[in-house]
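Engineer: Quick one: the structure is below, and I'll ask about it shortly.
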Amino acid sequence: MRPQHLLTALVVVILWGMNFVVIKIGLKGIPPFLMGALRFMLVAFPAILFLPRPKVPLRLLLAYALTISLGQFAFLFSAMAVGMPAGLASLVLQSQAFFTVALSALVFGDKLHLSNLCGMLVAALGLFILGSASLQGSAQQVTLAGFALTICAAFSWASGNVINKKIGPTAVLSLVSWSALIPILPFFALSFLFEGRDTIVHSLTHMSLSSALTIVYLAVAATLIGYTLWGRLLSSLPTHMVAPMTLMVPVIGLSAAWLLLGEALSQLQIIGALTVMGGLLINVFGARLLAAWNARSPAA
């Protein structure tokens with residue numbers, strides 16, 4: 001891994017980690033479903049005017065967009081709108097790694113290793129501790145709805161990952177931009193149904209600078225730039241070297257939420273967060289560490 005690879009990875013991790021703080025700020029002026037619609041409008045336009053349509057079957061393009069775009073962000077934005085703190089959202093959303101492993105095993109017959117199972121159990125324990133502490137009135141009060149919706153967002157992301165694997169190699173930027181067309185109308189429909197016409201009109205006609213910058217950040221920085229740089233890393237380095245870098249996203253998310261939003265974790269929440277991170281580390285590195293240990297052990 002060259003210095004430019006590390007720099008690229010750092011930029012992506014910071015963009016994605018800050019994403020949660022930006023969402024929290026933006027939700028003060030824009031309701032969640034309208035935010036989703038505006039975000040994907042800016043992702044799609046004007047990019048699709050310059051990028052070729054990805055060579056992906058329509059059914060897979062629809063499935064990808066409805067899970068990783070509509071499902072993930074409808075749940076995530078709603079979770080944060082009903083009280084899920086930005087830092088905790090960045091961590092709990094990483095449970096997608098375990099949903100991805102489990103769904104890949106079901107759909108593709110991928111083998112589950114002992115490290116995967118151990119990582120899932122450890123992370124599940126961490127989520128239980130984190131959820132219990134958060135729901136019982138500790139430093140950061142979290143609603144049950146916020147916690148559950150974030151888990152649903154993680155499952156939607158994982159479903160999109162499985163569909164992405166089914167799609168196979170393709171131009172990442174084209175896939176992201178063209179698939180962004182699909183969730184726009186559903187997001188507007190959800191906004192009209194749950195947020196109301198008056199709220200939509202008021203949000204659009206009285207949009208603050210911070211709200212406008214939120215949409216730009218989510219669409220341009222976190223989506224177009226983030227996914228493009230991430231795709232370059234995946235194309236130039238082995239997946240096993242790139243994938244673990246996402247473990248830094250909740251570290252950035254928790255740190256940024258603490259520094260910028262004053263979101264402080266209680267002692268029990270910190271224990272839960274560290275347990276979840278431990279489970280993620282076991283899932284990613286466990287098999288390799290065990291193989292390295294066995295290789296160094298003297299033959300019986």
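Each chain of the structure tokens is named A, B, ... in the order shown, its residues numbered from 1; ligands are numbered from 1 in display order.
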Excluding range 22-37 of chain A and any residue of its chain fewer than 5 positions from it, enumerate the residues within 10 Å of it, using only C-alpha atoms, and give them as a PyMOL selection string.

Structural biologist: chain A and resi 16-17+42-43+69-70+73-87+180-181+183-195+199-200+202-204+206-215+217-219+256-257+261

Engineer: Pull the closest atom pair for each residue of range 98-176 of chain A that gets at most 6 Å from range 280-288 of chain A, along with the distance in Å to one decimal, counting only C-alpha atoms, ordering rows by chain and then ascending residue number, as JSON lines.

Structural biologist:
```
{"residue": "A:Ser115", "atom": "CA", "partner": "A:Gly286", "partner_atom": "CA", "distance": 5.0}
{"residue": "A:Asn116", "atom": "CA", "partner": "A:Asn283", "partner_atom": "CA", "distance": 4.7}
{"residue": "A:Gly119", "atom": "CA", "partner": "A:Asn283", "partner_atom": "CA", "distance": 4.7}
```

Engineer: Since we have the selection now, will you write its residues out, keeping N, CA and C atoms, as a PDB file, in the first residue's frame?

Structural biologist:
```pdb
ATOM      1  N   SER A 115     -14.416 -17.350  12.908  1.00  0.00           N
ATOM      2  CA  SER A 115     -14.189 -15.941  13.252  1.00  0.00           C
ATOM      3  C   SER A 115     -15.415 -15.091  12.951  1.00  0.00           C
ATOM      4  N   ASN A 116     -16.149 -15.417  11.865  1.00  0.00           N
ATOM      5  CA  ASN A 116     -17.369 -14.687  11.551  1.00  0.00           C
ATOM      6  C   ASN A 116     -18.422 -14.872  12.639  1.00  0.00           C
ATOM      7  N   GLY A 119     -17.298 -13.175  15.832  1.00  0.00           N
ATOM      8  CA  GLY A 119     -17.445 -11.732  15.675  1.00  0.00           C
ATOM      9  C   GLY A 119     -18.895 -11.301  15.795  1.00  0.00           C
TER      10      GLY A 119
END
```

Engineer: Would you work out the distance separating CA of Ser235 in chain A from CA of Pro169 in chain A, expressed in Å to one decimal?

Structural biologist: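 Answer for the CA of Ser235 in chain A to CA of Pro169 in chain A separation: 9.5 Å.
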
Engineer: From the options A:Ala9, A:Met120, A:Leu224, A:Leu144, which residue's atoms come nearest to Ser132 in chain A, counting only C-alpha atoms?

Structural biologist: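 Nearest to Ser132 in chain A: A:Leu144.
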
Engineer: Which residue, A:Thr150, A:Ser255, A:Ser104, A:Thr246, has the smallest gap to Ile163 in chain A when you use only C-alpha atoms?

Structural biologist: A:Ser104

Engineer: Report the residues of range 31-200 of chain A whose backbone DSSP state falls under helix (DSSP H, G or I), written as a ChimeraX atom specification.

Structural biologist: /A:32-44,47-49,58-81,86-108,114-135,144-167,172-179,184-195,197-200

Engineer: Quick one: everything within 8 Å of Gly226 in chain A, counting only C-alpha atoms, minus sequence neighbours fewer than 5 positions away in the same chain. Send it as an MDAnalysis selection string.

Structural biologist: chainID A and resid 12 15:16 221

Engineer: Could you please take those selected residues and save N, CA, C and O atoms as an mmCIF file, in the first residue's frame?

Structural biologist:
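Saved to part_12.cif:
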```cif
data_model
loop_
_atom_site.group_PDB
_atom_site.id
_atom_site.type_symbol
_atom_site.label_atom_id
_atom_site.label_comp_id
_atom_site.auth_asym_id
_atom_site.auth_seq_id
_atom_site.Cartn_x
_atom_site.Cartn_y
_atom_site.Cartn_z
ATOM 1 N N VAL A 12 -11.604 9.220 2.336
ATOM 2 C CA VAL A 12 -12.898 8.532 2.285
ATOM 3 C C VAL A 12 -13.457 8.325 3.686
ATOM 4 O O VAL A 12 -14.643 8.575 3.957
ATOM 5 N N LEU A 15 -14.693 11.609 5.078
ATOM 6 C CA LEU A 15 -15.938 12.008 4.416
ATOM 7 C C LEU A 15 -17.118 11.208 4.941
ATOM 8 O O LEU A 15 -18.188 11.767 5.231
ATOM 9 N N TRP A 16 -16.952 9.892 5.050
ATOM 10 C CA TRP A 16 -18.047 9.035 5.501
ATOM 11 C C TRP A 16 -18.293 9.152 7.002
ATOM 12 O O TRP A 16 -19.425 9.049 7.450
ATOM 13 N N ALA A 221 -19.841 15.123 -1.781
ATOM 14 C CA ALA A 221 -18.685 14.651 -1.009
ATOM 15 C C ALA A 221 -18.830 13.195 -0.587
ATOM 16 O O ALA A 221 -17.989 12.343 -0.911
#
```

Engineer: Interatomic distance between CA of Phe155 in chain A and CA of Phe99 in chain A?

Structural biologist: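 Interatomic distance here is 6.0 Å.
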
Engineer: From the set A:Asn294, A:Tyr64, A:Leu58, A:Leu173, which residue has the shortest atom-to-atom contact distance to Val220 in chain A, counting only C-alpha atoms?

Structural biologist: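 Between A:Asn294, A:Tyr64, A:Leu58, A:Leu173, the residue approaching Val220 in chain A most closely is A:Leu173.
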
Engineer: Give the answer as one residue: which of A:Leu10, A:Val21, A:Ala47, A:Leu125 has the shortest atom-to-atom distance to Leu254 in chain A, using only C-alpha atoms?

Structural biologist: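 With only C-alpha atoms as the atom set, the closest residue is A:Val21.
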
Engineer: Distance CA of Ser177 in chain A-CA of Phe108 in chain A, one decimal place?

Structural biologist: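 So the two atoms, CA of Ser177 in chain A and CA of Phe108 in chain A, lie 26.7 Å apart.
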
Engineer: Using only C-alpha atoms, can you tell me which of A:Phe50, A:Phe40, A:Tyr227, A:Trp258 comes closest to Val11 in chain A?

Structural biologist: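 Among the listed residues, the smallest separation from Val11 in chain A belongs to A:Tyr227.
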
Engineer: Given the choices A:Leu88, A:Leu38, A:Val56, A:Leu51, which gets closest to Val276 in chain A if the distance is worked out from only C-alpha atoms?

Structural biologist: A:Leu88
